[in-house]
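All remarks here apply to the structure that follows.
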Amino acid sequence: MVIQKQFIYGQQEVINLKSNINKLKTYTMKLNTIIYSIFVMAILSSCGVPQEDFDKLQNEKKELIKENERLLTELDDCKNGAEKIVAEVEKAYSKKKYAIARQKINLLSEKHPESLKNSEFKSLLKNIEKEELAEKKRKEAEEKERIRLANINNTGMWSVSHYVDDFGEPTKKGYITNSSDISGLFSNTATQNSALNVRFLISNSSSISIKLFEYAGNNPVKAYSSESYRVLVQDRDGKRLKLTATNYSDRLSFSKTDSRKVHNVLMKGGQIKFKIYEIDTPTTEYDFTISKADWYENAYRKLKGN
């Protein structure tokens, strides 16, 4: 019933609008005719046109101008009436046409500041902003997934390998590593800014280790007892993390919590910077950057068999 009433109201509004437009056209034509007649009579007045006829045309002109102004006001009301604008806002919002809804809300505030809907629509504007942001994030996620699927076999700088047993045979346990060594620099009391190679060993998101090869050699930094390190990480967006890692043998291993943090940074891809300090010997420093960690997500999916 409500929809039927709205439909009938809409039809009547269209009829009124057409009627006013037709009236406006008619009065405009009459006005133009009278103005022309006054112009002609003004020229002929010197030839003896009666003043009474001239005054009559002048009065008709004034009346037609008033009528024109009234019709223009009615026409504006038909186009920009409060009820019409409110209906347009609600229709645009229901169809998620947020730009139109925002435009009509501003129009209502401008044309009808007295409308009670203005207060309600202020809250609606906040909802529109939230929904626009959610829609933007959804589209970004869809685009990211589209790109990932288009590059499903691209793992970038990463590769998936398998650990070996005592006989050198590959096991079923896999890990992610960098296909080629990551270059960096290290310093201690004996050397400054010497060559460093770095290798990641990622068994899962909760188990991440780093091997450090001083002088870009073949032997990783080893610990004969546990040694702790402070690890500073800066992700692609410039966000910085302070983590810790421990070397029990030939690699620096993160805790489960810190491993997940490193994993999340790698998932974002881009440029990632690392600075590592030995806690007991602060003069020992390792510094390296992953220039482009993109497609780690594909490597991780491959590791997990997805």
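Each chain in the structure tokens gets a letter, A, B, ..., in the order shown, and its residues are numbered from 1; ligands are numbered from 1 in order too.
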Selection near Val86 in chain A, 9 Å with only C-alpha atoms, sequence-local residues under 2 positions removed, as a ChimeraX atom specification: /A:81-84,88-91,104-105,108,117
Can I get the selection written as a compact mmCIF listing (two decimals), in the first residue's frame, with N, CA and C atoms?
# COMPACT_ATOMS: atom_id res chain seq x y z
N GLY A 81 11.82 20.10 -4.02
CA GLY A 81 11.01 20.06 -2.82
C GLY A 81 11.63 19.14 -1.78
N ALA A 82 11.38 19.44 -0.49
CA ALA A 82 12.00 18.67 0.59
C ALA A 82 11.66 17.18 0.50
N GLU A 83 10.37 16.87 0.27
CA GLU A 83 9.96 15.46 0.20
C GLU A 83 10.65 14.74 -0.95
N LYS A 84 10.78 15.44 -2.08
CA LYS A 84 11.40 14.83 -3.25
C LYS A 84 12.89 14.54 -2.98
N GLU A 88 14.92 11.01 -2.81
CA GLU A 88 16.08 10.75 -3.66
C GLU A 88 17.28 10.30 -2.83
N VAL A 89 17.43 10.88 -1.63
CA VAL A 89 18.52 10.47 -0.73
C VAL A 89 18.35 9.01 -0.35
N GLU A 90 17.15 8.66 0.08
CA GLU A 90 16.89 7.29 0.54
C GLU A 90 17.03 6.28 -0.59
N LYS A 91 16.59 6.67 -1.79
CA LYS A 91 16.71 5.78 -2.94
C LYS A 91 18.18 5.56 -3.31
N LYS A 104 22.63 14.95 -2.60
CA LYS A 104 21.24 15.30 -2.28
C LYS A 104 21.10 15.73 -0.82
N ILE A 105 21.89 15.14 0.08
CA ILE A 105 21.86 15.55 1.48
C ILE A 105 22.31 17.01 1.60
N LEU A 108 19.53 19.26 0.32
CA LEU A 108 18.44 19.42 1.29
C LEU A 108 18.82 20.44 2.35
N LYS A 117 14.83 16.25 8.65
CA LYS A 117 15.65 15.17 8.10
C LYS A 117 17.14 15.54 8.08
Members of range 68-205 of chain A assigned alpha helix (DSSP H) by DSSP, as a ChimeraX atom specification: /A:68-80,82-94,98-111,117-150
Closest of A:Ile272, A:Val265, A:Tyr277, A:Arg199 to Thr244 in chain A - atom-to-atom distances counting only C-alpha atoms: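 For Thr244 in chain A, the nearest of the candidates is A:Tyr277.
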Contact residues around Asn153 in chain A with only C-alpha atoms at 12 Å, ignoring same-chain residues under 2 positions, as an MDAnalysis selection string: chainID A and resid 147:151 155:156 158:160 295:302 306
Keeping only C-alpha atoms, write those residues as a CSV table (one decimal), in the first residue's frame.
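Here's the written file result-v8.csv:
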chain,number,residue,atom,x,y,z
A,147,ILE,CA,46.7,-10.2,-9.0
A,148,ARG,CA,47.7,-13.1,-6.8
A,149,LEU,CA,45.7,-15.6,-8.8
A,150,ALA,CA,47.1,-14.1,-12.0
A,151,ASN,CA,50.6,-14.8,-10.5
A,155,THR,CA,57.0,-16.9,-5.6
A,156,GLY,CA,59.3,-14.0,-6.3
A,158,TRP,CA,61.3,-17.2,-2.4
A,159,SER,CA,61.4,-20.9,-3.0
A,160,VAL,CA,60.0,-24.0,-1.1
A,295,TRP,CA,54.9,-13.1,-3.6
A,296,TYR,CA,55.9,-14.5,-0.2
A,297,GLU,CA,52.2,-15.2,0.2
A,298,ASN,CA,52.2,-17.5,-2.8
A,299,ALA,CA,55.3,-19.4,-1.4
A,300,TYR,CA,53.6,-19.8,1.9
A,301,ARG,CA,50.4,-21.2,0.3
A,302,LYS,CA,52.6,-23.6,-1.7
A,306,ASN,CA,47.0,-24.6,-0.8
Point-to-point distance in Å for CA of Val221 in chain A and CA of Phe254 in chain A: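 CA of Val221 in chain A lies 15.6 Å from CA of Phe254 in chain A.
The nearest approach to Glu285 in chain A among the residues A:Arg102, A:Arg230, A:Lys126, A:Lys222, with only C-alpha atoms taken into account, belongs to A:Arg230.
For Gln192 in chain A, the non-local neighbours within 12 Å, defined as residues at least 2 positions apart in the same chain or in other chains and counting only C-alpha atoms, are Leu185, Phe186, Ser187, Asn188, Thr189, Ala190, Ser194, Ala195, Leu196, Glu214, Tyr215, Thr283, Thr284, Glu285, Tyr286 and Asp287 of chain A.
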In range 55-222 of chain A, what's strand (DSSP E or B) per DSSP? Answer as a tab-separated table (two decimals) with N, CA and C atoms, in the first residue's frame?
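As a result, selection-v3.tsv now contains:
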chain	number	residue	atom	x	y	z
A	158	TRP	N	61.41	-16.08	-3.29
A	158	TRP	CA	61.27	-17.19	-2.36
A	158	TRP	C	61.15	-18.53	-3.08
A	159	SER	N	61.57	-19.57	-2.43
A	159	SER	CA	61.41	-20.93	-2.96
A	159	SER	C	61.07	-21.87	-1.81
A	160	VAL	N	60.41	-22.96	-2.15
A	160	VAL	CA	60.02	-23.96	-1.15
A	160	VAL	C	60.92	-25.18	-1.31
A	161	SER	N	61.57	-25.56	-0.23
A	161	SER	CA	62.45	-26.73	-0.22
A	161	SER	C	62.02	-27.67	0.90
A	162	HIS	N	62.77	-28.76	1.06
A	162	HIS	CA	62.47	-29.73	2.12
A	162	HIS	C	63.73	-30.04	2.92
A	163	TYR	N	63.52	-30.18	4.23
A	163	TYR	CA	64.63	-30.57	5.09
A	163	TYR	C	65.07	-31.99	4.71
A	164	VAL	N	66.32	-32.32	5.01
A	164	VAL	CA	66.83	-33.67	4.70
A	164	VAL	C	67.10	-34.43	6.00
A	170	PRO	N	65.54	-36.00	1.20
A	170	PRO	CA	64.51	-35.01	1.56
A	170	PRO	C	63.38	-35.62	2.37
A	171	THR	N	62.94	-34.91	3.40
A	171	THR	CA	61.81	-35.35	4.23
A	171	THR	C	60.53	-34.70	3.71
A	172	LYS	N	59.43	-34.99	4.36
A	172	LYS	CA	58.15	-34.38	4.00
A	172	LYS	C	58.00	-32.99	4.62
A	173	LYS	N	58.91	-32.65	5.50
A	173	LYS	CA	58.82	-31.36	6.17
A	173	LYS	C	59.44	-30.28	5.29
A	174	GLY	N	58.64	-29.34	4.84
A	174	GLY	CA	59.13	-28.30	3.95
A	174	GLY	C	59.44	-26.99	4.68
A	175	TYR	N	60.07	-26.09	3.97
A	175	TYR	CA	60.37	-24.77	4.50
A	175	TYR	C	60.54	-23.79	3.34
A	176	ILE	N	60.38	-22.52	3.66
A	176	ILE	CA	60.59	-21.45	2.68
A	176	ILE	C	61.95	-20.83	2.94
A	177	THR	N	62.67	-20.54	1.88
A	177	THR	CA	63.93	-19.84	1.99
A	177	THR	C	64.07	-18.88	0.82
A	178	ASN	N	65.05	-18.00	0.88
A	178	ASN	CA	65.31	-17.10	-0.24
A	178	ASN	C	66.12	-17.84	-1.30
A	182	ILE	N	70.64	-13.05	0.58
A	182	ILE	CA	70.38	-11.62	0.77
A	182	ILE	C	71.67	-10.99	1.25
A	183	SER	N	72.10	-9.93	0.60
A	183	SER	CA	73.36	-9.29	0.95
A	183	SER	C	73.16	-8.21	2.00
A	184	GLY	N	74.17	-8.06	2.86
A	184	GLY	CA	74.13	-7.03	3.88
A	184	GLY	C	75.52	-6.70	4.36
A	185	LEU	N	75.60	-6.05	5.53
A	185	LEU	CA	76.87	-5.67	6.14
A	185	LEU	C	76.86	-6.05	7.61
A	186	PHE	N	78.06	-6.33	8.15
A	186	PHE	CA	78.16	-6.56	9.59
A	186	PHE	C	79.40	-5.87	10.13
A	187	SER	N	79.32	-5.54	11.42
A	187	SER	CA	80.45	-4.88	12.09
A	187	SER	C	80.63	-5.47	13.48
A	194	SER	N	81.71	-5.17	6.86
A	194	SER	CA	82.15	-6.29	6.03
A	194	SER	C	80.95	-7.00	5.43
A	195	ALA	N	81.22	-7.78	4.38
A	195	ALA	CA	80.14	-8.44	3.63
A	195	ALA	C	79.40	-9.46	4.49
A	196	LEU	N	78.08	-9.50	4.28
A	196	LEU	CA	77.21	-10.42	5.02
A	196	LEU	C	76.22	-11.05	4.06
A	197	ASN	N	76.02	-12.35	4.21
A	197	ASN	CA	74.94	-13.03	3.49
A	197	ASN	C	73.91	-13.54	4.50
A	198	VAL	N	72.67	-13.53	4.08
A	198	VAL	CA	71.57	-13.90	4.99
A	198	VAL	C	70.66	-14.91	4.32
A	199	ARG	N	70.21	-15.89	5.11
A	199	ARG	CA	69.31	-16.90	4.58
A	199	ARG	C	68.18	-17.15	5.58
A	200	PHE	N	66.94	-17.11	5.10
A	200	PHE	CA	65.77	-17.38	5.95
A	200	PHE	C	65.43	-18.87	5.89
A	201	LEU	N	64.96	-19.38	7.02
A	201	LEU	CA	64.41	-20.73	7.11
A	201	LEU	C	63.04	-20.60	7.78
A	202	ILE	N	61.98	-20.78	6.99
A	202	ILE	CA	60.61	-20.56	7.49
A	202	ILE	C	59.83	-21.87	7.39
A	203	SER	N	59.66	-22.54	8.54
A	203	SER	CA	58.94	-23.82	8.57
A	203	SER	C	57.43	-23.61	8.56
A	204	ASN	N	56.98	-22.56	9.26
A	204	ASN	CA	55.58	-22.14	9.25
A	204	ASN	C	55.52	-20.75	9.83
A	207	SER	N	57.33	-20.43	13.16
A	207	SER	CA	58.70	-20.95	13.27
A	207	SER	C	59.58	-20.38	12.16
A	208	ILE	N	60.24	-19.26	12.49
A	208	ILE	CA	61.09	-18.57	11.52
A	208	ILE	C	62.49	-18.38	12.12
A	209	SER	N	63.50	-18.72	11.32
A	209	SER	CA	64.90	-18.56	11.74
A	209	SER	C	65.68	-17.84	10.65
A	210	ILE	N	66.81	-17.26	11.04
A	210	ILE	CA	67.69	-16.57	10.11
A	210	ILE	C	69.11	-17.08	10.29
A	211	LYS	N	69.77	-17.41	9.18
A	211	LYS	CA	71.18	-17.77	9.22
A	211	LYS	C	72.01	-16.58	8.73
A	212	LEU	N	73.07	-16.26	9.46
A	212	LEU	CA	73.94	-15.14	9.14
A	212	LEU	C	75.32	-15.68	8.74
A	213	PHE	N	75.79	-15.27	7.57
A	213	PHE	CA	77.09	-15.72	7.07
A	213	PHE	C	78.04	-14.53	6.98
A	214	GLU	N	78.92	-14.42	7.97
A	214	GLU	CA	79.88	-13.33	7.99
A	214	GLU	C	80.89	-13.47	6.86
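What separates CA of Thr246 in chain A from CA of Ser228 in chain A is a distance of 4.5 Å.
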